[in-house]
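Student: The structure file query_18.pdb (PDB, C-alpha atoms) is provided below.
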ATOM      1  CA  MET A1200      -5.110  -6.545   7.132
ATOM      2  CA  THR A1201      -1.330  -6.533   7.660
ATOM      3  CA  PHE A1202      -1.437 -10.296   8.180
ATOM      4  CA  LEU A1203      -3.289 -10.765   4.886
ATOM      5  CA  ILE A1204      -0.813  -8.544   3.047
ATOM      6  CA  LYS A1205       2.123 -10.529   4.452
ATOM      7  CA  ILE A1206       0.536 -13.804   3.307
ATOM      8  CA  LEU A1207       0.005 -12.422  -0.202
ATOM      9  CA  ILE A1208       3.607 -11.233  -0.333
ATOM     10  CA  ARG A1209       4.856 -14.668   0.754
ATOM     11  CA  MET A1210       2.733 -16.263  -1.958
ATOM     12  CA  GLY A1211       4.725 -14.283  -4.529
ATOM     13  CA  LEU A1212       2.095 -11.709  -5.442
ATOM     14  CA  LEU A1213       4.747  -8.985  -5.707
ATOM     15  CA  LYS A1214       7.438 -11.125  -7.316
ATOM     16  CA  ASP A1215       8.264 -12.115 -10.849
ATOM     17  CA  ASP A1216       5.684  -9.910 -12.586
ATOM     18  CA  LEU A1217       2.813 -12.215 -11.633
ATOM     19  CA  ASP A1218       0.209  -9.639 -12.688
ATOM     20  CA  TYR A1219       1.845  -9.101 -16.065
ATOM     21  CA  HIS A1220       2.119 -12.826 -16.793
ATOM     22  CA  PHE A1221      -1.406 -13.530 -15.530
ATOM     23  CA  LEU A1222      -2.889 -10.814 -17.752
ATOM     24  CA  ARG A1223      -0.907 -12.060 -20.765
ATOM     25  CA  ALA A1224      -2.048 -15.657 -20.184
ATOM     26  CA  SER A1225      -5.662 -14.486 -19.746
ATOM     27  CA  MET A1226      -5.589 -12.610 -23.042
ATOM     28  CA  VAL A1227      -4.097 -15.625 -24.831
ATOM     29  CA  LEU A1228      -6.928 -17.776 -23.468
ATOM     30  CA  ILE A1229      -9.582 -15.215 -24.421
ATOM     31  CA  PHE A1230      -8.296 -14.937 -27.986
ATOM     32  CA  ALA A1231      -8.033 -18.719 -28.307
ATOM     33  CA  LEU A1232     -11.620 -19.300 -27.163
ATOM     34  CA  PHE A1233     -13.278 -16.350 -28.887
ATOM     35  CA  GLY A1234     -11.301 -17.053 -32.071
ATOM     36  CA  TYR A1235     -12.426 -20.688 -31.972
ATOM     37  CA  GLN A1236     -16.096 -19.690 -31.930
ATOM     38  CA  LYS A1237     -15.727 -17.683 -35.128
ATOM     39  CA  TRP A1238     -15.275 -20.844 -37.212
ATOM     40  CA  PHE A1239     -18.891 -21.983 -36.696
ATOM     41  CA  GLU A1240     -22.068 -20.927 -38.520
ATOM     42  CA  TYR A1241     -23.987 -20.141 -35.320
ATOM     43  CA  GLU A1242     -21.322 -17.591 -34.310
ATOM     44  CA  ALA A1243     -21.246 -16.060 -37.791
ATOM     45  CA  GLN A1244     -24.995 -15.410 -37.449
ATOM     46  CA  VAL A1245     -24.657 -14.038 -33.897
ATOM     47  CA  LEU A1246     -22.088 -11.507 -35.150
ATOM     48  CA  VAL A1247     -24.365 -10.021 -37.826
ATOM     49  CA  PRO A1248     -25.831  -7.191 -35.704
ATOM     50  CA  TYR A1249     -22.416  -6.385 -34.216
ATOM     51  CA  ILE A1250     -20.470  -6.224 -37.468
ATOM     52  CA  SER A1251     -23.325  -4.524 -39.333
ATOM     53  CA  ASN A1252     -23.346  -1.673 -36.818
ATOM     54  CA  GLY A1253     -19.605  -1.382 -36.288
ATOM     55  CA  PRO A1254     -18.266   1.865 -37.769
ATOM     56  CA  LEU A1255     -14.785   0.342 -38.097
ATOM     57  CA  ILE A1256     -15.715  -3.213 -39.115
ATOM     58  CA  PHE A1257     -18.879  -2.889 -41.231
ATOM     59  CA  TRP A1258     -16.766  -3.346 -44.380
ATOM     60  CA  LEU A1259     -16.107  -6.996 -43.512
ATOM     61  CA  TYR A1260     -19.436  -8.175 -44.979
ATOM     62  CA  PRO A1261     -19.089  -6.568 -48.410
ATOM     63  CA  VAL A1262     -15.507  -7.832 -48.663
ATOM     64  CA  PHE A1263     -15.781 -11.350 -47.156
ATOM     65  CA  GLY A1264     -19.479 -12.189 -46.734
ATOM     66  CA  ILE A1265     -20.999 -13.389 -43.464
ATOM     67  CA  ARG A1266     -18.969 -16.593 -43.027
ATOM     68  CA  GLY A1267     -15.794 -15.042 -44.432
ATOM     69  CA  ALA A1268     -16.011 -12.101 -42.032
ATOM     70  CA  SER A1269     -16.371 -14.494 -39.125
ATOM     71  CA  TRP A1270     -13.403 -16.559 -40.347
ATOM     72  CA  PHE A1271     -11.356 -13.380 -40.831
ATOM     73  CA  LEU A1272     -12.055 -12.310 -37.258
ATOM     74  CA  GLY A1273     -11.306 -15.795 -35.942
ATOM     75  CA  ALA A1274      -7.982 -15.917 -37.783
ATOM     76  CA  ALA A1275      -7.101 -12.419 -36.570
ATOM     77  CA  GLU A1276      -7.953 -13.328 -32.972
ATOM     78  CA  TRP A1277      -5.836 -16.488 -33.171
ATOM     79  CA  LEU A1278      -2.979 -14.475 -34.668
ATOM     80  CA  PHE A1279      -3.159 -11.871 -31.899
ATOM     81  CA  GLY A1280      -3.371 -14.622 -29.280
ATOM     82  CA  LEU A1281      -0.362 -16.412 -30.783
ATOM     83  CA  LEU A1282       1.673 -13.200 -30.844
ATOM     84  CA  LEU A1283       0.718 -12.480 -27.230
ATOM     85  CA  PHE A1284       1.701 -16.050 -26.309
ATOM     86  CA  LEU A1285       5.058 -15.695 -28.055
ATOM     87  CA  GLY A1286       5.443 -12.427 -26.153
ATOM     88  CA  PHE A1287       6.285 -14.493 -23.068
ATOM     89  CA  TRP A1288       9.682 -15.039 -24.716
ATOM     90  CA  ASN A1289       9.954 -12.365 -27.387
ATOM     91  CA  LYS A1290       8.721  -8.924 -26.313
ATOM     92  CA  LYS A1291       8.788  -7.567 -29.882
ATOM     93  CA  LEU A1292       6.252 -10.195 -30.916
ATOM     94  CA  GLY A1293       4.324  -9.338 -27.741
ATOM     95  CA  ILE A1294       4.178  -5.725 -28.927
ATOM     96  CA  LEU A1295       2.654  -6.842 -32.234
ATOM     97  CA  GLY A1296       0.109  -8.988 -30.375
ATOM     98  CA  ALA A1297      -0.797  -6.148 -28.027
ATOM     99  CA  LEU A1298      -1.190  -3.724 -30.947
ATOM    100  CA  GLY A1299      -3.510  -6.191 -32.677
ATOM    101  CA  SER A1300      -5.385  -6.682 -29.437
ATOM    102  CA  CYS A1301      -5.821  -2.926 -29.013
ATOM    103  CA  ALA A1302      -7.107  -2.629 -32.583
ATOM    104  CA  SER A1303      -9.502  -5.529 -32.020
ATOM    105  CA  PHE A1304     -11.059  -3.997 -28.930
ATOM    106  CA  VAL A1305     -11.215  -0.486 -30.358
ATOM    107  CA  GLY A1306     -13.141  -2.071 -33.233
ATOM    108  CA  THR A1307     -15.663  -3.648 -30.877
ATOM    109  CA  ILE A1308     -15.970  -0.750 -28.423
ATOM    110  CA  THR A1309     -16.878   1.633 -31.234
ATOM    111  CA  ILE A1310     -19.972  -0.480 -31.897
ATOM    112  CA  ILE A1311     -21.480   0.513 -28.525
ATOM    113  CA  PRO A1312     -22.892   3.951 -29.479
ATOM    114  CA  PHE A1313     -24.208   2.661 -32.806
ATOM    115  CA  PHE A1314     -25.942  -0.504 -31.669
ATOM    116  CA  PRO A1315     -29.697  -0.163 -32.327
ATOM    117  CA  ASP A1316     -31.776  -0.322 -29.168
ATOM    118  CA  GLY A1317     -28.583  -0.728 -27.158
ATOM    119  CA  TRP A1318     -29.853   1.579 -24.446
ATOM    120  CA  ALA A1319     -33.291   1.430 -22.889
ATOM    121  CA  ALA A1320     -34.937   4.159 -20.865
ATOM    122  CA  SER A1321     -35.013   3.267 -17.205
ATOM    123  CA  ALA A1322     -37.455   4.310 -14.516
ATOM    124  CA  GLY A1323     -34.969   6.822 -13.099
ATOM    125  CA  GLY A1324     -34.408   8.569 -16.421
ATOM    126  CA  PHE A1325     -30.842   7.267 -16.864
ATOM    127  CA  PRO A1326     -30.397   4.945 -19.831
ATOM    128  CA  ALA A1327     -29.785   1.296 -19.030
ATOM    129  CA  MET A1328     -27.716  -1.027 -21.206
ATOM    130  CA  THR A1329     -29.429  -3.835 -23.041
ATOM    131  CA  GLY A1330     -27.856  -7.272 -23.421
ATOM    132  CA  ASN A1331     -25.797  -6.607 -26.545
ATOM    133  CA  VAL A1332     -24.244  -3.387 -25.264
ATOM    134  CA  ALA A1333     -23.642  -4.954 -21.868
ATOM    135  CA  PHE A1334     -21.812  -7.810 -23.608
ATOM    136  CA  LEU A1335     -19.566  -5.322 -25.425
ATOM    137  CA  MET A1336     -18.713  -3.407 -22.238
ATOM    138  CA  LYS A1337     -16.265  -6.161 -21.239
ATOM    139  CA  ASP A1338     -14.132  -5.016 -24.154
ATOM    140  CA  VAL A1339     -13.407  -1.747 -22.345
ATOM    141  CA  VAL A1340     -11.517  -3.752 -19.715
ATOM    142  CA  LEU A1341      -9.888  -5.935 -22.364
ATOM    143  CA  LEU A1342      -8.700  -2.789 -24.158
ATOM    144  CA  ALA A1343      -7.191  -1.539 -20.889
ATOM    145  CA  VAL A1344      -5.377  -4.870 -20.448
ATOM    146  CA  SER A1345      -4.137  -4.669 -24.050
ATOM    147  CA  VAL A1346      -2.771  -1.157 -23.485
ATOM    148  CA  TYR A1347      -1.081  -2.336 -20.273
ATOM    149  CA  LEU A1348       0.592  -5.259 -22.076
ATOM    150  CA  LEU A1349       1.653  -2.962 -24.911
ATOM    151  CA  LYS A1350       3.214  -0.498 -22.479
ATOM    152  CA  GLN A1351       4.992  -3.226 -20.509
ATOM    153  CA  ASP A1352       6.403  -4.876 -23.622
ATOM    154  CA  ILE A1353       7.638  -1.558 -25.029
ATOM    155  CA  LEU A1354       9.301  -0.717 -21.707
ATOM    156  CA  ARG A1355      10.943  -4.154 -21.594
ATOM    157  CA  VAL A1356      12.230  -3.866 -25.172
ATOM    158  CA  ILE A1357      13.638  -0.415 -24.398
ATOM    159  CA  ALA A1358      15.246  -1.680 -21.170
ATOM    160  CA  ALA A1359      16.792  -4.660 -22.971
ATOM    161  CA  ALA A1360      18.107  -2.415 -25.749
ATOM    162  CA  SER A1361      19.654   0.035 -23.298
ATOM    163  CA  MET A1362      21.187  -2.860 -21.357
ATOM    164  CA  ASP A1363      22.617  -4.276 -24.603
ATOM    165  CA  ASN A1364      23.971  -0.830 -25.529
ATOM    166  CA  SER A1365      25.583  -0.308 -22.130
ATOM    167  CA  THR A1366      27.042  -3.833 -22.157
ATOM    168  CA  GLY A1367      28.302  -3.337 -25.702
ATOM    169  CA  ALA A1368      29.899  -0.011 -24.828
ATOM    170  CA  SER A1369      31.680  -1.467 -21.810
ATOM    171  CA  SER A1370      32.863  -4.453 -23.883
ATOM    172  CA  VAL A1371      34.286  -2.104 -26.508
ATOM    173  CA  ALA A1372      35.970  -0.019 -23.806
ATOM    174  CA  GLN A1373      37.493  -3.124 -22.267
ATOM    175  CA  ALA A1374      38.735  -4.410 -25.649
ATOM    176  CA  ARG A1375      40.652  -1.216 -26.401
ATOM    177  CA  PRO A1376      44.385  -1.346 -25.614
TER     178      PRO A1376
END
What's the C-alpha coordinates form of this structure?
Tutor:
Amino acid sequence: MTFLIKILIRMGLLKDDLDYHFLRASMVLIFALFGYQKWFEYEAQVLVPYISNGPLIFWLYPVFGIRGASWFLGAAEWLFGLLLFLGFWNKKLGILGALGSCASFVGTITIIPFFPDGWAASAGGFPAMTGNVAFLMKDVVLLAVSVYLLKQDILRVIAAASMDNSTGASSVAQARP
(Lines of atoms letter the chains of each structure in order from A and count residues from 1; the text may use other names and numbers.)
(Lines give C-alpha, C1' and ligand atoms only; values in the text may rest on other atoms or scores of the structure.)
Protein backbone atom coordinates (compact mmCIF):
# COMPACT_ATOMS: atom_id res chain seq x y z
CA MET A 1 0.00 0.00 0.00
CA THR A 2 2.85 2.40 0.83
CA PHE A 3 4.35 1.74 -2.60
CA LEU A 4 1.04 2.60 -4.28
CA ILE A 5 0.70 5.79 -2.26
CA LYS A 6 4.24 6.86 -3.22
CA ILE A 7 3.47 6.28 -6.91
CA LEU A 8 0.29 8.36 -6.67
CA ILE A 9 2.19 11.15 -4.95
CA ARG A 10 4.86 11.11 -7.67
CA MET A 11 2.14 11.31 -10.30
CA GLY A 12 1.06 14.63 -8.79
CA LEU A 13 -2.12 13.49 -7.08
CA LEU A 14 -1.43 15.78 -4.11
CA LYS A 15 -0.06 18.71 -6.10
CA ASP A 16 -1.60 21.65 -7.87
CA ASP A 17 -5.19 21.08 -6.73
CA LEU A 18 -5.69 18.19 -9.15
CA ASP A 19 -8.95 17.17 -7.47
CA TYR A 20 -10.34 20.69 -7.61
CA HIS A 21 -9.45 21.15 -11.28
CA PHE A 22 -10.69 17.68 -12.22
CA LEU A 23 -14.05 18.27 -10.54
CA ARG A 24 -14.39 21.69 -12.20
CA ALA A 25 -13.59 20.24 -15.64
CA SER A 26 -16.05 17.37 -15.05
CA MET A 27 -18.84 19.78 -14.18
CA VAL A 28 -18.10 21.90 -17.26
CA LEU A 29 -18.35 18.77 -19.41
CA ILE A 30 -21.57 17.64 -17.73
CA PHE A 31 -23.23 21.02 -18.23
CA ALA A 32 -22.05 21.20 -21.84
CA LEU A 33 -23.45 17.76 -22.71
CA PHE A 34 -26.67 17.90 -20.70
CA GLY A 35 -27.30 21.47 -21.89
CA TYR A 36 -26.80 20.35 -25.50
CA GLN A 37 -29.51 17.70 -25.20
CA LYS A 38 -32.09 20.27 -24.12
CA TRP A 39 -32.19 21.82 -27.60
CA PHE A 40 -33.85 18.76 -29.18
CA GLU A 41 -37.53 17.74 -29.25
CA TYR A 42 -36.87 14.21 -27.96
CA GLU A 43 -35.25 15.63 -24.80
CA ALA A 44 -38.06 18.15 -24.31
CA GLN A 45 -40.51 15.22 -24.27
CA VAL A 46 -38.32 13.14 -21.92
CA LEU A 47 -38.30 16.02 -19.43
CA VAL A 48 -42.09 16.27 -19.17
CA PRO A 49 -42.54 13.93 -16.17
CA TYR A 50 -39.53 15.47 -14.39
CA ILE A 51 -40.51 19.11 -14.79
CA SER A 52 -44.21 18.40 -14.21
CA ASN A 53 -43.44 16.85 -10.83
CA GLY A 54 -40.71 19.24 -9.74
CA PRO A 55 -41.88 21.43 -6.85
CA LEU A 56 -39.32 24.10 -7.76
CA ILE A 57 -39.47 23.89 -11.56
CA PHE A 58 -43.10 23.04 -12.41
CA TRP A 59 -43.70 26.69 -13.33
CA LEU A 60 -41.49 26.36 -16.42
CA TYR A 61 -44.30 24.85 -18.53
CA PRO A 62 -46.92 27.53 -17.91
CA VAL A 63 -44.32 30.24 -18.53
CA PHE A 64 -42.34 28.80 -21.49
CA GLY A 65 -44.22 25.76 -22.82
CA ILE A 66 -42.62 22.35 -23.32
CA ARG A 67 -39.94 23.34 -25.86
CA GLY A 68 -39.31 26.71 -24.22
CA ALA A 69 -38.77 25.10 -20.82
CA SER A 70 -36.26 22.72 -22.33
CA TRP A 71 -34.47 25.59 -24.10
CA PHE A 72 -34.48 27.61 -20.86
CA LEU A 73 -32.86 24.74 -18.99
CA GLY A 74 -30.34 24.17 -21.78
CA ALA A 75 -29.36 27.85 -21.81
CA ALA A 76 -29.09 27.88 -18.02
CA GLU A 77 -26.91 24.76 -18.03
CA TRP A 78 -24.63 26.25 -20.69
CA LEU A 79 -24.42 29.48 -18.70
CA PHE A 80 -23.50 27.62 -15.51
CA GLY A 81 -20.97 25.52 -17.42
CA LEU A 82 -19.43 28.63 -18.99
CA LEU A 83 -19.17 30.36 -15.61
CA LEU A 84 -17.57 27.25 -14.10
CA PHE A 85 -15.15 27.12 -17.04
CA LEU A 86 -14.23 30.78 -16.59
CA GLY A 87 -13.75 29.97 -12.91
CA PHE A 88 -10.43 28.36 -13.86
CA TRP A 89 -9.13 31.93 -14.23
CA ASN A 90 -11.63 34.11 -12.39
CA LYS A 91 -12.83 32.69 -9.07
CA LYS A 92 -15.65 35.25 -8.76
CA LEU A 93 -17.17 33.94 -11.98
CA GLY A 94 -16.56 30.42 -10.63
CA ILE A 95 -18.63 31.35 -7.58
CA LEU A 96 -21.52 32.41 -9.82
CA GLY A 97 -21.24 29.16 -11.78
CA ALA A 98 -21.16 27.07 -8.61
CA LEU A 99 -24.19 28.92 -7.20
CA GLY A 100 -26.09 28.25 -10.42
CA SER A 101 -24.97 24.65 -10.32
CA CYS A 102 -26.18 24.27 -6.73
CA ALA A 103 -29.55 25.78 -7.67
CA SER A 104 -29.81 23.46 -10.68
CA PHE A 105 -29.23 20.32 -8.65
CA VAL A 106 -31.44 21.40 -5.76
CA GLY A 107 -34.15 21.84 -8.40
CA THR A 108 -33.70 18.30 -9.68
CA ILE A 109 -33.18 16.59 -6.32
CA THR A 110 -36.45 17.99 -5.01
CA ILE A 111 -38.26 16.04 -7.74
CA ILE A 112 -37.28 12.71 -6.13
CA PRO A 113 -39.97 12.54 -3.40
CA PHE A 114 -42.68 13.76 -5.77
CA PHE A 115 -42.03 11.52 -8.76
CA PRO A 116 -45.06 9.25 -9.28
CA ASP A 117 -44.24 5.57 -8.93
CA GLY A 118 -40.64 6.51 -8.19
CA TRP A 119 -40.38 3.88 -5.48
CA ALA A 120 -41.54 0.30 -5.80
CA ALA A 121 -42.13 -2.10 -2.95
CA SER A 122 -39.41 -4.70 -2.79
CA ALA A 123 -39.53 -8.25 -1.50
CA GLY A 124 -37.74 -7.24 1.71
CA GLY A 125 -40.19 -4.46 2.54
CA PHE A 126 -37.72 -1.64 1.82
CA PRO A 127 -38.69 0.56 -1.12
CA ALA A 128 -36.56 0.24 -4.23
CA MET A 129 -35.93 3.08 -6.66
CA THR A 130 -37.39 2.90 -10.13
CA GLY A 131 -35.50 4.10 -13.20
CA ASN A 132 -36.48 7.77 -13.07
CA VAL A 133 -35.63 8.23 -9.40
CA ALA A 134 -32.42 6.27 -9.83
CA PHE A 135 -31.47 8.61 -12.69
CA LEU A 136 -32.03 11.64 -10.44
CA MET A 137 -29.92 10.22 -7.60
CA LYS A 138 -26.74 11.16 -9.49
CA ASP A 139 -27.69 14.77 -8.83
CA VAL A 140 -27.04 14.27 -5.12
CA VAL A 141 -23.36 13.74 -5.95
CA LEU A 142 -23.38 16.59 -8.45
CA LEU A 143 -24.83 18.88 -5.77
CA ALA A 144 -22.02 17.84 -3.41
CA VAL A 145 -19.45 18.66 -6.11
CA SER A 146 -21.14 22.02 -6.70
CA VAL A 147 -20.99 22.85 -2.99
CA TYR A 148 -17.32 21.83 -2.91
CA LEU A 149 -16.49 24.10 -5.87
CA LEU A 150 -18.46 26.94 -4.30
CA LYS A 151 -16.58 26.59 -1.02
CA GLN A 152 -13.19 26.38 -2.74
CA ASP A 153 -13.84 29.42 -4.91
CA ILE A 154 -15.05 31.49 -1.95
CA LEU A 155 -11.97 30.50 0.06
CA ARG A 156 -9.70 31.41 -2.86
CA VAL A 157 -11.38 34.80 -3.35
CA ILE A 158 -11.04 35.51 0.37
CA ALA A 159 -7.38 34.42 0.36
CA ALA A 160 -6.62 36.59 -2.68
CA ALA A 161 -8.36 39.57 -1.10
CA SER A 162 -6.47 39.19 2.17
CA MET A 163 -3.21 38.81 0.25
CA ASP A 164 -4.01 41.98 -1.73
CA ASN A 165 -4.86 43.81 1.50
CA SER A 166 -1.66 42.71 3.23
CA THR A 167 0.42 43.57 0.15
CA GLY A 168 -1.31 46.94 -0.14
CA ALA A 169 -0.74 47.72 3.52
CA SER A 170 2.95 46.88 3.30
CA SER A 171 3.29 48.96 0.12
CA VAL A 172 1.68 51.93 1.86
CA ALA A 173 3.95 51.46 4.88
CA GLN A 174 7.01 51.33 2.64
CA ALA A 175 5.94 54.46 0.71
CA ARG A 176 5.66 56.57 3.86
CA PRO A 177 8.70 58.75 4.62
Student: In Å to one decimal, how far is atom CA of Ile1229 of chain A from atom CA of Phe1263 of chain A?
Tutor: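 Separation between atom CA of Phe1263 of chain A and atom CA of Ile1229 of chain A: 23.9 Å.
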Student: Using all atoms listed in the file, which residue out of A:Leu1354, A:Val1305, A:Ile1204, A:Leu1278 lies closest to Leu1341 of chain A?
Tutor: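 So, comparing all the options, the nearest one is A:Val1305.
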Student: Pick out the residues sitting within 9 Å of Gly1317 of chain A, and hand them over as a list of chain:residue names; count only C-alpha atoms, and ignore anything fewer than 5 positions along from it in its own chain.
Tutor: A:Ile1311, A:Pro1312, A:Ala1327, A:Met1328, A:Thr1329, A:Gly1330, A:Asn1331, A:Val1332, A:Ala1333
Student: Could you check the closest approach to Phe1334 of chain A for each of A:Pro1254, A:Ala1224, A:Tyr1249, A:Gly1293 and tell me which residue wins, using only C-alpha atoms?
Tutor: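 Ranking A:Pro1254, A:Ala1224, A:Tyr1249, A:Gly1293 by distance to Phe1334 of chain A, first place goes to A:Tyr1249.
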Student: Given the choices A:Asp1216, A:Lys1290, A:Ser1303, A:Tyr1260, which gets closest to Phe1233 of chain A if the distance is worked out from all atoms listed in the file?
Tutor: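 Of A:Asp1216, A:Lys1290, A:Ser1303, A:Tyr1260, the one nearest Phe1233 of chain A, counting all atoms listed in the file, is A:Ser1303.
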Student: I'd like the contact shell of Phe1230 of chain A - 8 Å cut-off, only C-alpha atoms, skipping same-chain residues fewer than 5 positions apart - returned as a list in words.
Tutor: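 Once the nearby chain positions are removed, what remains is Glu1276, Trp1277, Phe1279 and Gly1280 of chain A.
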Student: Produce a file of the selected residues containing C-alpha atoms, as a CSV table (one decimal), in the coordinates of the input.
Tutor:
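Ended up saving to result_20.csv:
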chain,number,residue,atom,x,y,z
A,1276,GLU,CA,-8.0,-13.3,-33.0
A,1277,TRP,CA,-5.8,-16.5,-33.2
A,1279,PHE,CA,-3.2,-11.9,-31.9
A,1280,GLY,CA,-3.4,-14.6,-29.3
Student: Starting from the displayed file, determine the output of the PyMOL selection byres ((chain A and resi 1265) around 12) and express the residue list as a VMD selection string.
Tutor: chain A and resid 1237 to 1251 1257 to 1264 1266 to 1272
Student: Please report the interatomic distance between atom CA of Asn1252 of chain A and atom CA of Lys1337 of chain A in Å with one decimal.
Tutor: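 Atom-to-atom, atom CA of Asn1252 of chain A and atom CA of Lys1337 of chain A are spaced 17.7 Å apart.
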Student: Contacts of Ser1225 of chain A at 12 Å or less, counting all atoms listed in the file, minus same-chain residues fewer than 3 places along, as number ranges by chain?
Tutor: A: 1217-1222, 1228-1232, 1280, 1283-1284, 1341, 1344-1345, 1348
Student: Taking all atoms of segment 1303-1316 of chain A that appear in the file, build a box with edges along x, y and z, extend it by 6 Å on every side, and state its centre and edge lengths in Å to one decimal, as AutoDock Vina command-line options.
Tutor:
--center_x -20.6 --center_y -0.8 --center_z -30.8 --size_x 34.3 --size_y 21.5 --size_z 16.8
Student: Identify which of the residues A:Leu1255, A:Gly1273, A:Arg1223, A:Ile1208 lies closest to Tyr1235 of chain A, counting all atoms listed in the file when measuring atom-to-atom distances.
Tutor: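 Ranking A:Leu1255, A:Gly1273, A:Arg1223, A:Ile1208 by distance to Tyr1235 of chain A, first place goes to A:Gly1273.
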Student: Select, from A:Ile1353, A:Met1362, A:Met1226, A:Ala1320, the residue with the minimum atom-to-atom distance to Leu1281 of chain A, counting all atoms listed in the file.
Tutor: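 Result for the nearest residue to Leu1281 of chain A: A:Met1226.
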